[in-house]
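Q: Starting off with a structure, shown below.
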Amino acid sequence: MNYLDAMMMVGLDIINGERTQSSIYHLLKGKKTSQTIQDAQLFGVSPQFQIYPALSRKNYDQRLSGLLQKDFLAEQRDGIIVVTASGKKALSDFFEVRPVPYDLNGWKYQKSAPVFWHRLTLMIQTASNLIHDRQRFLPVSRDIHIQNWVRHHVKQSNRALLDYTQQIHKELMEVLTLTNFPDTPELVVQKLSGFDMIGLTNQQIAERLGCDAADVYLRFLNSLHFMVAAVEKRTGDYPVLSEMMMLENTGNTLLTKSTAETFTYLSKQYSIEQIAALRNLKKSTIEDHVLEIALLDPDFDMNLYVQDELIKEIRSAGEDSKRLRFIKDSVPEADYFQIRLVLATSERDGMSWRNYFMRNLGIHHSV
Amino acid sequence: MEKLLYEKFGYSSFRLGQKEIISSVINHKDTIAMLPTGTGKSLCYQYPSYVNNNRVLIISPLLSLMQDQVDQIKLRGEKRVTAINSFLTFKERKQLIANLEAYRFIFLSPEMLNSNEVLQKLKEIGIGLLVIDEAHCISQWGPDFRPDYLRLGHLKKTLGSPCTLALTATATEEIRKDIAKKLNLNNWKEWVYSVNRPNIALEVNTFNDVAQKENKLLLLVQRNTAPGIIFFSSRKKAEEMQAAASARHVSCSVYHGGMETDQRILIQQQFINGQLDWIFATNAFGMGINKNNIRTVIHFHMSSSVENFLQEIGRAGRDLKQAHSILLYSANDEFIPLQLAELEKPALEQIENFYSMFKRDMPINEIQEKLMLTDTQVRVLRYYIQHEPAEHWAERINHLLEKRVNSKKEKVMEMKSYIETDSCRRAKLLAFFEESPSAEADHCCDNCGIGNMVMNREKSSYKEVNWKEKLDRLLIKNE
């Protein structure tokens, strides 16, 4: 069992048979469909969104059947797979001796974390070589956008390159030594390349730490997301790092294309029914779009669609079950769209992810 | 001439053959150049571009190699270099093509020759020099035949027949003739240099079983002079042996096509930087890397042809100092490459089905999946369906491919005869290229007697440190 197995099991345990096992594959892989995106929010598994973008279906299926064979999972009926008691025990044992990835936030940082990391690594490689008077080196990132960004920023700060480099050093030291840093900073720093030093691969770091390369991958990702969150929280303390995670055009870029079109109409004050008519689409499709927008836009005003009183009622029913049917029965005056809207937005902070580990596995956040 | 060489490339003198080939190209002569691996072929097309001030198009068959070449040209300060290949997304490719005139050196992978958009743009912006890298791939009689390369004649015509330079490290006379014919070269000049690398000592060890061979390999990486590469024909075996060596505290890593790109870049750069002593690799490793001081190349599995073997050992000793090739052979090792040659050919039934499915306009990826064809098989069949008449197509193609399998098998057996020879190995290798050793090598081969080789290991200053110290070293300048 490695972290990938564990992440699959946690996901399956949280959806608890209310969705097919395939939905976990799409979640981990980060498939951008309304269904995957909404489920991620509805069940509170959005932290796991796109944490394995390179995961192949074959690999996923193999690991799944491995876990079934060990009886950690059980197939209830076609496509519906739940975690068994011994599976829960194994999961609990697994996290007994390994860091729990509390800080993962795949949905929120799907764009900013990779961009931040690639800029940071190339910037450090560049600055490190330049301050040691080496002008030419082979870049670790071949991505032309990343290269352009770094080139631009190095030119801007040319006069003060030494100061700039020291500032990176200072900010990194600060964030890596925060008392709640979730894991060993070796995971982050050993990956870096620079003057006369090339960063280590996951496999090499795994050998140093005495664990599996797949574990290094996820522990690193958890640490990275922690860093992004920490910097975001206090941008004033991290001027250089926070600049590295700024996306050029934020907002709509995360939306699927059709949703982006709906978004344009919404901002012109069209109603859901009007948009459906205009675009010749079903009302439910436009509602899906609105849900997707609600998940991404912090300024989204839910009151346009559901009143405060109803929100409260839906939330309290939602604490007992996430089944839409159940909530609908308890709050008959709400329609399904309103229920989904309220559930989706109440999970935005990923709390149920953290709660999951404490509640189900009896694990408490160390430190 | 040397002044420009120093200014642009930082070298003070030309290496063997470079000056002749460059002069020929500068004077707009079609040229075939055969230079051994690692002796600076890329200078032969870069240099003339600055003299004649024209744009160069380079056709290169290996994606990883192409990327390395682009990196290296950038590294010396030339920014006007780019590559059009399947790594690009649709959007990136569009942008690049729209802006193509900004580049002096354009690398193109052969499958891009199918794109009219690319061809038209190239025609529009004008190409002064057309370079065919690994030109032996154009010949059906060579071991690395690439059907896409047969389109090169057409490309040349489309571009208005610019001056053409065909580069190869290994091509027999027959293959060179074929190259000239397929490229419609006229009045061409040929510069052929010996494939001999006298500074590489040649050795073969034979074993009765694999266990013995594995033990020997583990001994070698502990005792012999690093840096070095060990070539495997299977990823799994490479990983297994690397783990065993690693457990014996040998500084080493694996490298193969199944790894993710960013991890591969790290391994390659660590090796160049001297952080790693040994790379356990498939032959995906190291063609384009610029590392002069590789001292030892070990073959755990034999190469599939003498040509490939020469390319692979040619990664050693580029600094012209003493280097060592050791091939480890255990009984029946030739079965793997023989079988691979066999497996590469689709069965007659597959060929027939391919034909009928293709004619029914079934999408190509669906055909591939249904018939379980490899990428290479699809590429080959697709080429022939477009370029060979329909009459008795399947039988004829089957016959043609059979002939190719046989010629590949012959190549494997040539390699085996190198292993089995009890006379001079160098003479044996060179004989395949109608050459004989011109000068005596100091340490020739195990059959002639290698004697005491002095190989000096350049110590690297690299040391593993904890994260705090590493961060300091990276970002704080020592006074």
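Residues in the structure tokens are named by chain (A, B, ... in the order shown) and by number from 1 within that chain; ligands are numbered from 1 in the order shown.
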What are the nearest atom pairs, with distances in Å to one decimal, for all residues of chain B that come at most 8 Å from chain A, using only C-alpha atoms, set out by chain and rising residue number as CSV?
A:
residue,atom,partner,partner_atom,distance
B:Asp71,CA,A:Leu138,CA,6.8
B:Gln72,CA,A:Leu138,CA,7.8
B:Leu75,CA,A:Arg136,CA,5.7
B:Arg76,CA,A:Arg136,CA,7.3
B:Gly77,CA,A:Arg136,CA,7.8
B:Asp262,CA,A:Val140,CA,7.5
B:Gln263,CA,A:Thr201,CA,5.7
B:Ile265,CA,A:Val140,CA,6.9
B:Leu266,CA,A:Gly199,CA,6.5
B:Ile267,CA,A:Thr201,CA,7.4
B:Gln269,CA,A:Ile198,CA,6.6
B:Gln270,CA,A:Ile198,CA,5.5
B:Asn273,CA,A:Asp196,CA,6.7
B:Gln275,CA,A:Ile198,CA,7.8
B:Tyr462,CA,A:Met197,CA,7.1
B:Asn466,CA,A:Glu186,CA,7.2
B:Trp467,CA,A:Glu186,CA,5.3
B:Lys470,CA,A:Val189,CA,7.4
B:Leu471,CA,A:Val189,CA,6.9
B:Asp472,CA,A:His169,CA,7.6
B:Leu474,CA,A:Ser128,CA,5.4
B:Leu475,CA,A:Ser128,CA,5.4
B:Ile476,CA,A:Gln166,CA,6.9
B:Lys477,CA,A:Ile131,CA,6.5
Q: Okay, now the selection with C-alpha atoms, as a PDB file, in the first residue's frame?
A:
ATOM      1  CA  ASP B  71      19.150  23.073 -25.656  1.00  0.00           C
ATOM      2  CA  GLN B  72      22.796  22.983 -26.612  1.00  0.00           C
ATOM      3  CA  LEU B  75      23.342  27.142 -24.296  1.00  0.00           C
ATOM      4  CA  ARG B  76      26.034  28.703 -26.469  1.00  0.00           C
ATOM      5  CA  GLY B  77      23.928  31.847 -26.727  1.00  0.00           C
ATOM      6  CA  ASP B 262      11.180  16.133 -15.751  1.00  0.00           C
ATOM      7  CA  GLN B 263      12.752  13.243 -13.858  1.00  0.00           C
ATOM      8  CA  ILE B 265      16.064  15.757 -17.356  1.00  0.00           C
ATOM      9  CA  LEU B 266      17.279  15.685 -13.754  1.00  0.00           C
ATOM     10  CA  ILE B 267      19.120  12.369 -14.187  1.00  0.00           C
ATOM     11  CA  GLN B 269      21.902  16.785 -15.788  1.00  0.00           C
ATOM     12  CA  GLN B 270      23.115  15.064 -12.631  1.00  0.00           C
ATOM     13  CA  ASN B 273      27.335  17.541 -13.491  1.00  0.00           C
ATOM     14  CA  GLN B 275      26.714  13.878  -9.288  1.00  0.00           C
ATOM     15  CA  TYR B 462      29.491  17.510  -5.473  1.00  0.00           C
ATOM     16  CA  ASN B 466      20.921  18.616   4.267  1.00  0.00           C
ATOM     17  CA  TRP B 467      18.252  21.026   3.138  1.00  0.00           C
ATOM     18  CA  LYS B 470      21.712  23.185   0.348  1.00  0.00           C
ATOM     19  CA  LEU B 471      19.571  26.304   0.366  1.00  0.00           C
ATOM     20  CA  ASP B 472      22.548  28.337   1.592  1.00  0.00           C
ATOM     21  CA  LEU B 474      22.297  27.588  -3.835  1.00  0.00           C
ATOM     22  CA  LEU B 475      21.391  31.113  -2.953  1.00  0.00           C
ATOM     23  CA  ILE B 476      24.229  32.654  -0.977  1.00  0.00           C
ATOM     24  CA  LYS B 477      27.392  33.537  -2.750  1.00  0.00           C
TER      25      LYS B 477
END
Q: Considering only C-alpha atoms, state which residue in the set B:Asn353, B:Asn116, B:Gln95, B:Thr172 is at the smallest distance from Glu435 (chain B).
A: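 Smallest distance to Glu435 (chain B) is found for B:Thr172.
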Q: Using only C-alpha atoms, which of B:Glu203, B:Arg15, B:Val250, B:Leu381 sits nearest Val297 (chain B)?
A: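 Between B:Glu203, B:Arg15, B:Val250, B:Leu381, the residue approaching Val297 (chain B) most closely is B:Glu203.
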Q: Which residue out of B:His256, B:Ala431, B:Leu320, B:Leu276 has the minimum interatomic distance to Ser234 (chain B) when only C-alpha atoms are used?
A: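 When distances to Ser234 (chain B) are compared using only C-alpha atoms, the smallest one comes from B:His256.
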Q: Contacts of Arg325 (chain A) at 12 Å or less, counting only C-alpha atoms, minus same-chain residues fewer than 4 places along, as number ranges by chain?
A: A: 18, 314, 317-318, 320-321, 329-332, 334-336, 339-340
Q: Mind giving me the straight-line distance from CA of Ile73 (chain B) to CA of Leu310 (chain B) in Å, one decimal?
A: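 If I compute the distance from CA of Ile73 (chain B) to CA of Leu310 (chain B), I get 24.8 Å.
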Q: For Leu65 (chain B), find every residue with an atom within 12 Å (counting only C-alpha atoms), except residues of its own chain fewer than 3 positions away, and show them as a PyMOL selection string.
A: chain B and resi 42+59-62+68-72+83+85+107-109+133-134+283-290
Q: For the residues in that selection, give me C-alpha atoms as a PDB file, in the first residue's frame.
A:
ATOM      1  CA  SER B  42      26.294  19.815 -35.512  1.00  0.00           C
ATOM      2  CA  ILE B  59      15.421  16.892 -39.971  1.00  0.00           C
ATOM      3  CA  SER B  60      16.154  14.769 -36.935  1.00  0.00           C
ATOM      4  CA  PRO B  61      14.516  11.425 -36.144  1.00  0.00           C
ATOM      5  CA  LEU B  62      14.853  11.159 -32.379  1.00  0.00           C
ATOM      6  CA  ASP B  68      19.046  18.128 -26.496  1.00  0.00           C
ATOM      7  CA  GLN B  69      20.376  19.719 -29.667  1.00  0.00           C
ATOM      8  CA  VAL B  70      18.058  22.691 -29.274  1.00  0.00           C
ATOM      9  CA  ASP B  71      19.150  23.073 -25.656  1.00  0.00           C
ATOM     10  CA  GLN B  72      22.796  22.983 -26.612  1.00  0.00           C
ATOM     11  CA  ALA B  83      11.860  22.514 -32.832  1.00  0.00           C
ATOM     12  CA  ASN B  85       7.555  18.090 -33.086  1.00  0.00           C
ATOM     13  CA  PHE B 107      14.471  21.316 -36.162  1.00  0.00           C
ATOM     14  CA  LEU B 108      11.732  19.180 -37.607  1.00  0.00           C
ATOM     15  CA  SER B 109      10.735  15.638 -36.756  1.00  0.00           C
ATOM     16  CA  ASP B 133      20.585  14.118 -39.504  1.00  0.00           C
ATOM     17  CA  GLU B 134      20.974  10.349 -39.096  1.00  0.00           C
ATOM     18  CA  ASN B 283      19.457   3.071 -25.502  1.00  0.00           C
ATOM     19  CA  ALA B 284      17.175   6.092 -25.068  1.00  0.00           C
ATOM     20  CA  PHE B 285      20.010   7.585 -23.074  1.00  0.00           C
ATOM     21  CA  GLY B 286      22.739   9.891 -23.992  1.00  0.00           C
ATOM     22  CA  MET B 287      22.820  10.361 -27.758  1.00  0.00           C
ATOM     23  CA  GLY B 288      22.655  14.090 -27.528  1.00  0.00           C
ATOM     24  CA  ILE B 289      24.219  14.771 -24.190  1.00  0.00           C
ATOM     25  CA  ASN B 290      27.330  16.786 -24.108  1.00  0.00           C
TER      26      ASN B 290
END
Q: Taking into account only C-alpha atoms, which residue in the set A:Ala40, A:Leu343, A:Ser56, A:Thr84 is nearest to Gln69 (chain A)?
A: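 Among the listed residues, A:Thr84 lies closest to Gln69 (chain A).
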